[in-house]
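Visitor: Just one file: final.cif, with mmCIF, C-alpha atoms.
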data_start
#
loop_
_atom_site.group_PDB
_atom_site.id
_atom_site.type_symbol
_atom_site.label_atom_id
_atom_site.label_comp_id
_atom_site.auth_asym_id
_atom_site.auth_seq_id
_atom_site.Cartn_x
_atom_site.Cartn_y
_atom_site.Cartn_z
ATOM 1 C CA MET A 108 -45.584 2.757 31.383
ATOM 2 C CA HIS A 109 -43.121 0.210 32.699
ATOM 3 C CA ARG A 110 -42.591 -1.199 29.198
ATOM 4 C CA TYR A 111 -42.210 2.294 27.831
ATOM 5 C CA ARG A 112 -39.384 3.027 30.275
ATOM 6 C CA ALA A 113 -37.698 -0.271 29.487
ATOM 7 C CA SER A 114 -37.748 0.418 25.758
ATOM 8 C CA LEU A 115 -36.464 3.951 26.358
ATOM 9 C CA ALA A 116 -33.553 2.489 28.324
ATOM 10 C CA VAL A 117 -32.774 0.111 25.433
ATOM 11 C CA VAL A 118 -32.780 3.011 22.961
ATOM 12 C CA LEU A 119 -30.484 5.060 25.214
ATOM 13 C CA VAL A 120 -28.023 2.190 25.680
ATOM 14 C CA ALA A 121 -28.007 1.535 21.930
ATOM 15 C CA GLY A 122 -27.447 5.234 21.284
ATOM 16 C CA LEU A 123 -24.505 5.397 23.649
ATOM 17 C CA ALA A 124 -23.070 2.109 22.341
ATOM 18 C CA GLY A 125 -22.999 3.717 18.903
ATOM 19 C CA CYS A 126 -20.426 6.168 20.297
ATOM 20 C CA ALA A 127 -18.171 3.365 21.570
ATOM 21 C CA ALA A 128 -14.748 3.467 19.951
ATOM 22 C CA LYS A 129 -14.293 0.721 17.386
ATOM 23 C CA PRO A 130 -11.543 1.266 14.823
ATOM 24 C CA PRO A 131 -13.108 2.433 11.551
ATOM 25 C CA TYR A 132 -10.864 0.029 9.598
ATOM 26 C CA PRO A 133 -10.384 -3.746 9.403
ATOM 27 C CA GLU A 134 -8.627 -5.282 12.401
ATOM 28 C CA ASP A 135 -6.315 -7.318 10.169
ATOM 29 C CA ALA A 136 -5.142 -4.332 8.110
ATOM 30 C CA LEU A 137 -1.454 -5.075 8.783
ATOM 31 C CA ARG A 138 -1.646 -8.837 9.296
ATOM 32 C CA LEU A 139 0.296 -11.063 6.933
ATOM 33 C CA GLU A 140 -1.963 -13.194 4.765
ATOM 34 C CA GLU A 141 -1.464 -16.929 4.495
ATOM 35 C CA SER A 142 -0.746 -16.576 0.782
ATOM 36 C CA THR A 143 2.226 -14.267 1.437
ATOM 37 C CA LEU A 144 4.877 -16.848 0.533
ATOM 38 C CA GLU A 145 3.229 -17.742 -2.786
ATOM 39 C CA VAL A 146 2.774 -14.071 -3.679
ATOM 40 C CA ARG A 147 6.402 -13.367 -2.780
ATOM 41 C CA ALA A 148 7.541 -16.236 -5.034
ATOM 42 C CA VAL A 149 5.531 -14.818 -7.938
ATOM 43 C CA GLN A 150 7.044 -11.360 -7.390
ATOM 44 C CA THR A 151 10.687 -12.394 -6.871
ATOM 45 C CA ARG A 152 13.485 -13.757 -9.103
ATOM 46 C CA LYS A 153 17.210 -14.323 -8.600
ATOM 47 C CA ILE A 154 19.241 -12.552 -11.240
ATOM 48 C CA GLU A 155 22.975 -12.698 -11.751
ATOM 49 C CA ALA A 156 24.677 -9.309 -12.102
ATOM 50 C CA PRO A 157 28.289 -8.097 -11.924
ATOM 51 C CA SER A 158 27.360 -5.170 -9.632
ATOM 52 C CA GLU A 159 24.417 -3.415 -7.982
ATOM 53 C CA ALA A 160 24.868 -0.458 -10.353
ATOM 54 C CA THR A 161 24.479 -2.775 -13.365
ATOM 55 C CA ILE A 162 21.280 -4.353 -12.105
ATOM 56 C CA LEU A 163 19.825 -0.933 -11.228
ATOM 57 C CA ALA A 164 20.694 0.323 -14.731
ATOM 58 C CA ALA A 165 18.955 -2.734 -16.228
ATOM 59 C CA MET A 166 15.917 -2.154 -13.992
ATOM 60 C CA ILE A 167 15.668 1.486 -15.110
ATOM 61 C CA ALA A 168 16.082 0.483 -18.756
ATOM 62 C CA VAL A 169 13.366 -2.161 -18.571
ATOM 63 C CA LEU A 170 10.959 0.284 -16.922
ATOM 64 C CA GLN A 171 11.627 2.716 -19.771
ATOM 65 C CA ASP A 172 11.080 -0.160 -22.239
ATOM 66 C CA MET A 173 7.691 -0.807 -20.607
ATOM 67 C CA GLU A 174 6.872 2.932 -20.873
ATOM 68 C CA PHE A 175 6.934 3.602 -17.132
ATOM 69 C CA HIS A 176 7.856 6.956 -15.631
ATOM 70 C CA ILE A 177 10.546 6.717 -12.948
ATOM 71 C CA ASP A 178 9.211 8.524 -9.861
ATOM 72 C CA ARG A 179 11.983 7.815 -7.334
ATOM 73 C CA ILE A 180 15.309 6.042 -7.106
ATOM 74 C CA GLU A 181 17.055 5.325 -3.818
ATOM 75 C CA LYS A 182 20.336 3.781 -4.864
ATOM 76 C CA PRO A 183 21.648 2.754 -1.409
ATOM 77 C CA LEU A 184 18.519 0.627 -0.913
ATOM 78 C CA GLY A 185 18.352 -0.706 -4.483
ATOM 79 C CA LEU A 186 14.865 0.762 -4.784
ATOM 80 C CA ILE A 187 13.035 2.184 -7.784
ATOM 81 C CA SER A 188 9.448 3.490 -7.758
ATOM 82 C CA ALA A 189 7.741 4.010 -11.103
ATOM 83 C CA SER A 190 4.280 4.574 -12.508
ATOM 84 C CA LYS A 191 2.413 4.696 -15.769
ATOM 85 C CA ILE A 192 -0.981 6.015 -16.851
ATOM 86 C CA SER A 193 -2.628 4.179 -19.696
ATOM 87 C CA ASP A 194 -5.946 3.263 -21.262
ATOM 88 C CA ALA A 195 -7.884 0.820 -19.083
ATOM 89 C CA ASP A 196 -10.555 -0.250 -21.537
ATOM 90 C CA ASP A 197 -10.605 -3.901 -22.269
ATOM 91 C CA GLN A 198 -10.863 -4.908 -25.906
ATOM 92 C CA GLY A 199 -14.203 -6.704 -25.414
ATOM 93 C CA GLU A 200 -15.772 -3.493 -24.154
ATOM 94 C CA GLN A 201 -14.211 -1.530 -27.020
ATOM 95 C CA ARG A 202 -15.630 -3.952 -29.594
ATOM 96 C CA PHE A 203 -19.087 -3.837 -28.032
ATOM 97 C CA LEU A 204 -19.135 -0.041 -28.029
ATOM 98 C CA TYR A 205 -17.783 0.040 -31.595
ATOM 99 C CA PHE A 206 -20.702 -2.226 -32.586
ATOM 100 C CA LEU A 207 -23.123 0.188 -30.888
ATOM 101 C CA ASP A 208 -21.575 3.072 -32.832
ATOM 102 C CA ILE A 209 -22.070 1.235 -36.132
ATOM 103 C CA LEU A 210 -25.701 0.486 -35.271
ATOM 104 C CA CYS A 211 -26.256 4.093 -34.251
ATOM 105 C CA SER A 212 -24.734 5.460 -37.473
ATOM 106 C CA ALA A 213 -26.649 2.970 -39.628
ATOM 107 C CA GLY A 214 -29.864 4.159 -38.019
ATOM 108 C CA GLY A 215 -28.966 7.738 -38.968
ATOM 109 C CA GLY A 216 -28.691 8.711 -35.311
ATOM 110 C CA TYR A 217 -26.916 11.762 -33.979
ATOM 111 C CA GLY A 218 -24.769 11.884 -30.884
ATOM 112 C CA CYS A 219 -23.164 8.511 -31.554
ATOM 113 C CA GLY A 220 -19.730 7.977 -30.042
ATOM 114 C CA TYR A 221 -20.320 5.250 -27.537
ATOM 115 C CA ARG A 222 -16.664 4.297 -27.599
ATOM 116 C CA GLY A 223 -15.847 7.646 -26.079
ATOM 117 C CA THR A 224 -17.914 6.761 -23.007
ATOM 118 C CA ALA A 225 -15.637 3.859 -22.072
ATOM 119 C CA LYS A 226 -12.493 5.929 -21.796
ATOM 120 C CA ASP A 227 -11.276 4.890 -18.359
ATOM 121 C CA THR A 228 -7.650 5.344 -17.457
ATOM 122 C CA GLN A 229 -5.527 3.207 -15.217
ATOM 123 C CA LYS A 230 -2.553 4.217 -13.144
ATOM 124 C CA ILE A 231 -0.144 1.366 -12.529
ATOM 125 C CA VAL A 232 2.283 1.947 -9.661
ATOM 126 C CA LEU A 233 5.330 -0.287 -9.373
ATOM 127 C CA THR A 234 8.096 -0.858 -6.855
ATOM 128 C CA MET A 235 11.257 -2.704 -7.873
ATOM 129 C CA VAL A 236 13.858 -3.688 -5.282
ATOM 130 C CA ALA A 237 17.229 -5.380 -5.828
ATOM 131 C CA LEU A 238 18.598 -7.098 -2.739
ATOM 132 C CA PRO A 239 22.203 -8.332 -2.774
ATOM 133 C CA SER A 240 22.772 -11.938 -1.787
ATOM 134 C CA TYR A 241 23.712 -12.428 1.860
ATOM 135 C CA SER A 242 25.959 -15.301 0.870
ATOM 136 C CA GLY A 243 28.202 -12.903 -1.049
ATOM 137 C CA SER A 244 27.477 -14.402 -4.490
ATOM 138 C CA SER A 245 26.830 -12.216 -7.523
ATOM 139 C CA GLU A 246 23.104 -13.048 -7.447
ATOM 140 C CA TYR A 247 20.566 -10.377 -6.645
ATOM 141 C CA SER A 248 17.069 -11.018 -5.431
ATOM 142 C CA VAL A 249 14.807 -8.738 -7.456
ATOM 143 C CA ARG A 250 11.253 -8.181 -6.258
ATOM 144 C CA ILE A 251 8.543 -6.320 -8.137
ATOM 145 C CA THR A 252 5.211 -5.279 -6.615
ATOM 146 C CA MET A 253 2.441 -3.536 -8.527
ATOM 147 C CA HIS A 254 -0.998 -2.116 -7.961
ATOM 148 C CA ARG A 255 -3.371 -0.208 -10.173
ATOM 149 C CA ASN A 256 -6.157 2.334 -9.838
ATOM 150 C CA ILE A 257 -8.796 2.588 -12.535
ATOM 151 C CA LEU A 258 -10.316 6.047 -12.907
ATOM 152 C CA ASP A 259 -13.355 7.076 -14.904
ATOM 153 C CA LYS A 260 -13.540 10.167 -17.115
ATOM 154 C CA GLU A 261 -14.238 12.421 -14.125
ATOM 155 C CA GLY A 262 -11.214 11.099 -12.285
ATOM 156 C CA ARG A 263 -13.259 9.049 -9.806
ATOM 157 C CA VAL A 264 -11.650 5.841 -8.629
ATOM 158 C CA LYS A 265 -13.591 2.864 -9.993
ATOM 159 C CA LEU A 266 -11.247 0.126 -8.840
ATOM 160 C CA MET A 267 -8.144 -0.219 -6.647
ATOM 161 C CA GLU A 268 -6.357 -3.537 -6.740
ATOM 162 C CA ARG A 269 -3.066 -5.285 -6.168
ATOM 163 C CA ILE A 270 -1.749 -6.918 -9.307
ATOM 164 C CA THR A 271 -1.126 -10.559 -8.465
ATOM 165 C CA ALA A 272 -1.407 -12.352 -11.839
ATOM 166 C CA PRO A 273 1.799 -14.434 -12.228
ATOM 167 C CA GLU A 274 1.905 -13.924 -16.016
ATOM 168 C CA ILE A 275 2.198 -10.135 -15.599
ATOM 169 C CA TYR A 276 5.252 -10.576 -13.335
ATOM 170 C CA GLN A 277 6.701 -13.206 -15.653
ATOM 171 C CA ILE A 278 6.597 -10.727 -18.559
ATOM 172 C CA ALA A 279 8.327 -8.078 -16.418
ATOM 173 C CA PHE A 280 11.085 -10.503 -15.343
ATOM 174 C CA ASP A 281 11.573 -11.826 -18.903
ATOM 175 C CA ASN A 282 12.064 -8.220 -20.019
ATOM 176 C CA LEU A 283 14.441 -7.582 -17.123
ATOM 177 C CA ARG A 284 16.615 -10.578 -18.037
ATOM 178 C CA LYS A 285 16.819 -9.302 -21.629
ATOM 179 C CA ALA A 286 17.716 -5.811 -20.373
ATOM 180 C CA MET A 287 20.344 -7.337 -18.080
ATOM 181 C CA PHE A 288 21.873 -9.230 -20.999
ATOM 182 C CA ILE A 289 22.045 -6.023 -23.059
ATOM 183 C CA GLU A 290 23.481 -4.075 -20.116
ATOM 184 C CA VAL A 291 26.252 -6.613 -19.481
ATOM 185 C CA SER A 292 27.158 -7.005 -23.159
ATOM 186 C CA GLU A 293 27.333 -3.220 -23.647
ATOM 187 C CA SER A 294 29.502 -2.560 -20.608
ATOM 188 C CA MET B 1196 -43.763 15.809 31.125
ATOM 189 C CA THR B 1197 -42.146 12.360 31.259
ATOM 190 C CA ARG B 1198 -42.197 12.216 27.458
ATOM 191 C CA LEU B 1199 -40.621 15.651 27.185
ATOM 192 C CA PHE B 1200 -37.883 14.569 29.582
ATOM 193 C CA SER B 1201 -37.354 11.335 27.611
ATOM 194 C CA LEU B 1202 -37.087 13.277 24.360
ATOM 195 C CA LEU B 1203 -34.533 15.601 25.939
ATOM 196 C CA LEU B 1204 -32.493 12.598 27.109
ATOM 197 C CA LEU B 1205 -32.562 11.085 23.615
ATOM 198 C CA VAL B 1206 -31.429 14.345 22.029
ATOM 199 C CA ILE B 1207 -28.535 14.575 24.503
ATOM 200 C CA ALA B 1208 -27.540 10.939 23.841
ATOM 201 C CA VAL B 1209 -27.488 11.455 20.078
ATOM 202 C CA ALA B 1210 -25.831 14.880 20.320
ATOM 203 C CA GLY B 1211 -23.068 13.229 22.353
ATOM 204 C CA CYS B 1212 -21.963 11.444 19.187
ATOM 205 C CA ALA B 1213 -21.858 14.592 17.069
ATOM 206 C CA THR B 1214 -18.553 16.354 16.555
ATOM 207 C CA SER B 1215 -17.545 19.636 15.023
ATOM 208 C CA THR B 1216 -14.671 19.729 12.548
ATOM 209 C CA PRO B 1217 -11.664 21.452 14.131
ATOM 210 C CA VAL B 1218 -8.360 21.925 12.308
ATOM 211 C CA ASP B 1219 -6.860 18.551 13.104
ATOM 212 C CA ILE B 1220 -3.152 19.199 13.521
ATOM 213 C CA SER B 1221 -2.324 17.508 16.799
ATOM 214 C CA ALA B 1222 -3.110 13.908 17.633
ATOM 215 C CA ASN B 1223 -5.745 12.919 20.187
ATOM 216 C CA SER B 1224 -3.713 10.481 22.254
ATOM 217 C CA THR B 1225 -0.594 11.531 24.131
ATOM 218 C CA GLN B 1226 2.727 11.643 22.288
ATOM 219 C CA LEU B 1227 4.343 9.119 24.598
ATOM 220 C CA GLN B 1228 1.499 6.604 24.262
ATOM 221 C CA THR B 1229 1.545 6.888 20.494
ATOM 222 C CA ARG B 1230 5.315 6.435 20.321
ATOM 223 C CA GLN B 1231 5.210 3.344 22.520
ATOM 224 C CA ILE B 1232 2.585 1.713 20.322
ATOM 225 C CA GLN B 1233 4.352 2.612 17.084
ATOM 226 C CA THR B 1234 7.973 1.881 18.003
ATOM 227 C CA ARG B 1235 10.180 -1.189 18.398
ATOM 228 C CA GLN B 1236 13.903 -1.473 19.037
ATOM 229 C CA TYR B 1237 16.061 -4.034 17.239
ATOM 230 C CA GLU B 1238 19.508 -5.165 18.209
ATOM 231 C CA THR B 1239 21.393 -4.709 14.992
ATOM 232 C CA LEU B 1240 24.256 -2.655 13.707
ATOM 233 C CA ASP B 1241 22.937 -2.274 10.225
ATOM 234 C CA LYS B 1242 20.484 0.547 9.548
ATOM 235 C CA ALA B 1243 20.472 -0.075 5.773
ATOM 236 C CA MET B 1244 19.614 -3.764 6.188
ATOM 237 C CA THR B 1245 16.869 -2.820 8.652
ATOM 238 C CA MET B 1246 15.458 -0.484 6.013
ATOM 239 C CA ARG B 1247 15.611 -3.260 3.421
ATOM 240 C CA SER B 1248 13.737 -5.540 5.868
ATOM 241 C CA VAL B 1249 11.084 -2.835 6.330
ATOM 242 C CA ILE B 1250 10.707 -2.523 2.541
ATOM 243 C CA ALA B 1251 10.388 -6.326 2.205
ATOM 244 C CA THR B 1252 7.762 -6.383 4.962
ATOM 245 C CA LEU B 1253 5.784 -3.589 3.340
ATOM 246 C CA GLN B 1254 5.926 -5.472 0.030
ATOM 247 C CA ASP B 1255 4.714 -8.636 1.805
ATOM 248 C CA LEU B 1256 1.786 -6.612 3.121
ATOM 249 C CA GLY B 1257 0.923 -5.474 -0.404
ATOM 250 C CA PHE B 1258 2.308 -1.936 -0.285
ATOM 251 C CA THR B 1259 4.132 -0.157 -3.054
ATOM 252 C CA ILE B 1260 6.913 2.152 -1.931
ATOM 253 C CA ASP B 1261 6.325 5.834 -2.671
ATOM 254 C CA GLN B 1262 9.739 6.988 -1.537
ATOM 255 C CA ALA B 1263 12.648 6.037 0.659
ATOM 256 C CA ASP B 1264 15.631 7.961 1.953
ATOM 257 C CA ALA B 1265 18.520 5.864 3.236
ATOM 258 C CA GLU B 1266 20.206 8.827 4.907
ATOM 259 C CA LEU B 1267 17.143 10.011 6.848
ATOM 260 C CA GLY B 1268 15.847 6.491 7.328
ATOM 261 C CA THR B 1269 12.317 7.212 6.102
ATOM 262 C CA ILE B 1270 10.121 5.042 3.939
ATOM 263 C CA THR B 1271 6.625 5.983 2.787
ATOM 264 C CA ALA B 1272 4.341 3.440 1.197
ATOM 265 C CA THR B 1273 0.771 3.106 -0.063
ATOM 266 C CA ARG B 1274 -1.585 0.199 -0.426
ATOM 267 C CA HIS B 1275 -4.641 0.434 -2.650
ATOM 268 C CA HIS B 1276 -6.785 -2.582 -1.986
ATOM 269 C CA GLN B 1277 -10.448 -2.030 -1.085
ATOM 270 C CA TYR B 1278 -9.279 1.068 0.779
ATOM 271 C CA ALA B 1279 -6.251 3.370 0.593
ATOM 272 C CA MET B 1280 -3.727 2.840 3.367
ATOM 273 C CA ARG B 1281 -0.575 4.909 3.799
ATOM 274 C CA MET B 1282 2.387 4.138 6.010
ATOM 275 C CA THR B 1283 5.445 6.074 7.085
ATOM 276 C CA VAL B 1284 8.273 4.111 8.671
ATOM 277 C CA THR B 1285 11.378 5.707 10.146
ATOM 278 C CA VAL B 1286 14.545 3.806 11.002
ATOM 279 C CA VAL B 1287 16.897 5.566 13.402
ATOM 280 C CA LYS B 1288 20.199 4.337 14.790
ATOM 281 C CA ARG B 1289 19.936 4.703 18.576
ATOM 282 C CA ASP B 1290 23.419 3.679 19.677
ATOM 283 C CA GLU B 1291 26.131 1.277 18.609
ATOM 284 C CA LYS B 1292 23.901 -1.745 19.149
ATOM 285 C CA ARG B 1293 20.306 -0.717 18.512
ATOM 286 C CA VAL B 1294 18.113 0.529 15.734
ATOM 287 C CA SER B 1295 14.686 1.972 16.423
ATOM 288 C CA VAL B 1296 11.817 1.460 13.963
ATOM 289 C CA ARG B 1297 8.703 3.615 14.156
ATOM 290 C CA ALA B 1298 5.652 3.028 11.967
ATOM 291 C CA SER B 1299 2.594 5.226 11.564
ATOM 292 C CA ALA B 1300 -0.366 4.417 9.377
ATOM 293 C CA ARG B 1301 -3.510 6.047 8.053
ATOM 294 C CA ILE B 1302 -6.463 4.406 6.382
ATOM 295 C CA GLY B 1303 -8.402 6.948 4.386
ATOM 296 C CA GLU B 1304 -8.981 9.876 6.728
ATOM 297 C CA ASN B 1305 -8.450 7.816 9.888
ATOM 298 C CA ALA B 1306 -5.148 7.490 11.728
ATOM 299 C CA VAL B 1307 -4.459 3.932 12.855
ATOM 300 C CA LYS B 1308 -4.255 4.114 16.641
ATOM 301 C CA ASP B 1309 -4.811 0.664 18.036
ATOM 302 C CA ALA B 1310 -1.827 -1.250 19.371
ATOM 303 C CA ALA B 1311 -2.946 -4.583 17.870
ATOM 304 C CA THR B 1312 -2.654 -3.350 14.285
ATOM 305 C CA TYR B 1313 0.909 -2.078 14.858
ATOM 306 C CA GLN B 1314 1.699 -5.324 16.665
ATOM 307 C CA ASP B 1315 0.719 -7.207 13.475
ATOM 308 C CA PHE B 1316 3.129 -5.034 11.492
ATOM 309 C CA PHE B 1317 5.989 -5.639 13.911
ATOM 310 C CA VAL B 1318 5.310 -9.407 13.975
ATOM 311 C CA ALA B 1319 5.788 -9.357 10.196
ATOM 312 C CA LEU B 1320 8.885 -7.165 10.513
ATOM 313 C CA ASP B 1321 10.329 -9.437 13.231
ATOM 314 C CA LYS B 1322 10.275 -12.334 10.750
ATOM 315 C CA ALA B 1323 12.021 -10.282 8.078
ATOM 316 C CA MET B 1324 14.598 -9.029 10.588
ATOM 317 C CA PHE B 1325 15.213 -12.593 11.760
ATOM 318 C CA LEU B 1326 15.819 -13.800 8.191
ATOM 319 C CA THR B 1327 18.177 -10.855 7.633
ATOM 320 C CA ALA B 1328 20.067 -11.607 10.851
ATOM 321 C CA GLN B 1329 20.374 -15.273 9.851
ATOM 322 C CA ARG B 1330 21.520 -14.187 6.394
ATOM 323 C CA VAL B 1331 18.788 -16.157 4.617
ATOM 324 C CA ASP B 1332 18.228 -15.052 1.012
#
Represent the structure contained in this file as structure tokens.
Guide:
Amino acid sequence: MHRYRASLAVVLVAGLAGCAAKPPYPEDALRLEESTLEVRAVQTRKIEAPSEATILAAMIAVLQDMEFHIDRIEKPLGLISASKISDADDQGEQRFLYFLDILCSAGGGYGCGYRGTAKDTQKIVLTMVALPSYSGSSEYSVRITMHRNILDKEGRVKLMERITAPEIYQIAFDNLRKAMFIEVSES
Amino acid sequence: MTRLFSLLLLVIAVAGCATSTPVDISANSTQLQTRQIQTRQYETLDKAMTMRSVIATLQDLGFTIDQADAELGTITATRHHQYAMRMTVTVVKRDEKRVSVRASARIGENAVKDAATYQDFFVALDKAMFLTAQRVD
């Protein structure tokens, strides 16, 4: 009987402890990571421009070149938000499903169309900010940040991730420099 | 009889955790408490540069900016990494010397309420504000 009461007390304490308030999210949700400086370096380039309007025009042009939709522009802050929805299937998966389709057709099967099953979409969301130099030079510090959501056919989120690959940012900055060159030579 | 009483106690303990789903329009903690946790004052004259520092901080924390309004001083941002986190930051000029920054965050369906998480945000913002004040590119 004594043991029974003791175990009941344990159950009650555990039950009440379950109600104790612990934040239902990670404690370090807004803590800077140690890799912040490296990530910032990957996402930032100094670009020479005659004016803030010129660099913003080049930023808009390059986003159009990369088939992004401009969602918001806040000129006084040098900020552009853009997004793009595209096919998320990787080519390896496409090839594999194509192979399955061929096998299926060769076997005289009905209801082939495996490639159709892989049709995930991805939404890439991008922020581009141009910050004038504090030293008063004509250099602007341009920073791009991107993330993407991959959705399946039913619109369910399969993956949410920050895009951190340096080569992706390098492509964007190479395109921006070209757009800047065109913008300056046309003006 | 003892068992019946024990069972009743258990049911009460478990039922204590259960909640109904009211229309959740007002916050649970007091307005003043929430504001204190979410707000910091900075000695600066420049609201626009404060906003740029907030944007840089949000980018450092992995957010993309949904929208910003320089006139109203609002910035909304989202981070999609393992979970969806949304932040609204408002920058208001208080007087000739001070700018007030208020941040509020939600992770999924939960409002972020603990002071430590906001403290982490303001530690990051302090660094950005310091670099801005020192005019470091």
Visitor: Contacts from chain A to chain B, 6 Å maximum, only C-alpha atoms: show me the residue list as number ranges by chain.
Guide: A: 126, 137-138, 234, 241, 267-268
Visitor: Which residues, named as in the file, does the PyMOL selection byres ((chain A and resi 146) around 10) pick out? Answer as a list of chain:residue names.
Guide: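 So the PyMOL selection byres ((chain A and resi 146) around 10) ends up selecting A:Glu140, A:Glu141, A:Ser142, A:Thr143, A:Leu144, A:Glu145, A:Arg147, A:Ala148, A:Val149, A:Gln150, A:Thr151, A:Thr252, A:Thr271, A:Ala272, A:Pro273, B:Gln1254, B:Asp1255, B:Gly1257.
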Visitor: Would you output that residue set with C-alpha atoms, as a compact mmCIF listing (two decimals), in the frame of the given file?
Guide:
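And here is the file that came out, selection.txt:
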# COMPACT_ATOMS: atom_id res chain seq x y z
CA GLU A 140 -1.96 -13.19 4.76
CA GLU A 141 -1.46 -16.93 4.50
CA SER A 142 -0.75 -16.58 0.78
CA THR A 143 2.23 -14.27 1.44
CA LEU A 144 4.88 -16.85 0.53
CA GLU A 145 3.23 -17.74 -2.79
CA ARG A 147 6.40 -13.37 -2.78
CA ALA A 148 7.54 -16.24 -5.03
CA VAL A 149 5.53 -14.82 -7.94
CA GLN A 150 7.04 -11.36 -7.39
CA THR A 151 10.69 -12.39 -6.87
CA THR A 252 5.21 -5.28 -6.62
CA THR A 271 -1.13 -10.56 -8.46
CA ALA A 272 -1.41 -12.35 -11.84
CA PRO A 273 1.80 -14.43 -12.23
CA GLN B 1254 5.93 -5.47 0.03
CA ASP B 1255 4.71 -8.64 1.80
CA GLY B 1257 0.92 -5.47 -0.40
Visitor: Of the candidates A:Glu293, A:Met253, A:Ala168, A:Ser158, which shows the shortest atom-to-atom distance to Tyr276 (chain A), using only C-alpha atoms?
Guide: A:Met253
Visitor: For CA of Ser240 (chain A) and CA of Lys153 (chain A), quote the distance in Å rounded to one decimal.
Guide: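 Value for the CA of Ser240 (chain A)-CA of Lys153 (chain A) distance: 9.1 Å.
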Visitor: What is the CA of Arg269 (chain A) to CA of Ala160 (chain A) distance in Å?
Guide: 28.7 Å
Visitor: Contacts of region 280-282 of chain A at 10 Å or less, counting only C-alpha atoms, minus same-chain residues fewer than 3 places along, as a list in words?
Guide: Gln150, Thr151, Arg152, Lys153, Ile154, Ala165, Met166, Ala168, Val169, Leu170, Asp172, Met173, Val249, Arg250, Ile251, Glu274, Ile275, Tyr276, Gln277, Lys285, Ala286, Met287 and Phe288 of chain A
Visitor: Write the residues of the preceding selection, restricted to C-alpha atoms, as a CSV table (one decimal), in the coordinates of the input.
Guide:
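Saved the output as result.csv:
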chain,number,residue,atom,x,y,z
A,150,GLN,CA,7.0,-11.4,-7.4
A,151,THR,CA,10.7,-12.4,-6.9
A,152,ARG,CA,13.5,-13.8,-9.1
A,153,LYS,CA,17.2,-14.3,-8.6
A,154,ILE,CA,19.2,-12.6,-11.2
A,165,ALA,CA,19.0,-2.7,-16.2
A,166,MET,CA,15.9,-2.2,-14.0
A,168,ALA,CA,16.1,0.5,-18.8
A,169,VAL,CA,13.4,-2.2,-18.6
A,170,LEU,CA,11.0,0.3,-16.9
A,172,ASP,CA,11.1,-0.2,-22.2
A,173,MET,CA,7.7,-0.8,-20.6
A,249,VAL,CA,14.8,-8.7,-7.5
A,250,ARG,CA,11.3,-8.2,-6.3
A,251,ILE,CA,8.5,-6.3,-8.1
A,274,GLU,CA,1.9,-13.9,-16.0
A,275,ILE,CA,2.2,-10.1,-15.6
A,276,TYR,CA,5.3,-10.6,-13.3
A,277,GLN,CA,6.7,-13.2,-15.7
A,285,LYS,CA,16.8,-9.3,-21.6
A,286,ALA,CA,17.7,-5.8,-20.4
A,287,MET,CA,20.3,-7.3,-18.1
A,288,PHE,CA,21.9,-9.2,-21.0
Visitor: I need every residue sitting at most 12 Å from the point (18.9, -2.1, 8.8) (coordinates as in the file, only C-alpha atoms considered), written as a PyMOL selection string.
Guide: (chain A and resi 183-184) or (chain B and resi 1236-1251+1265-1266+1268-1269+1285-1289+1292-1296+1320+1323-1325+1327-1328)
Visitor: Can you tell me how far CA of Arg263 (chain A) sits from CA of Ser190 (chain A), in Å to one decimal?
Guide: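 The value is 18.3 Å.
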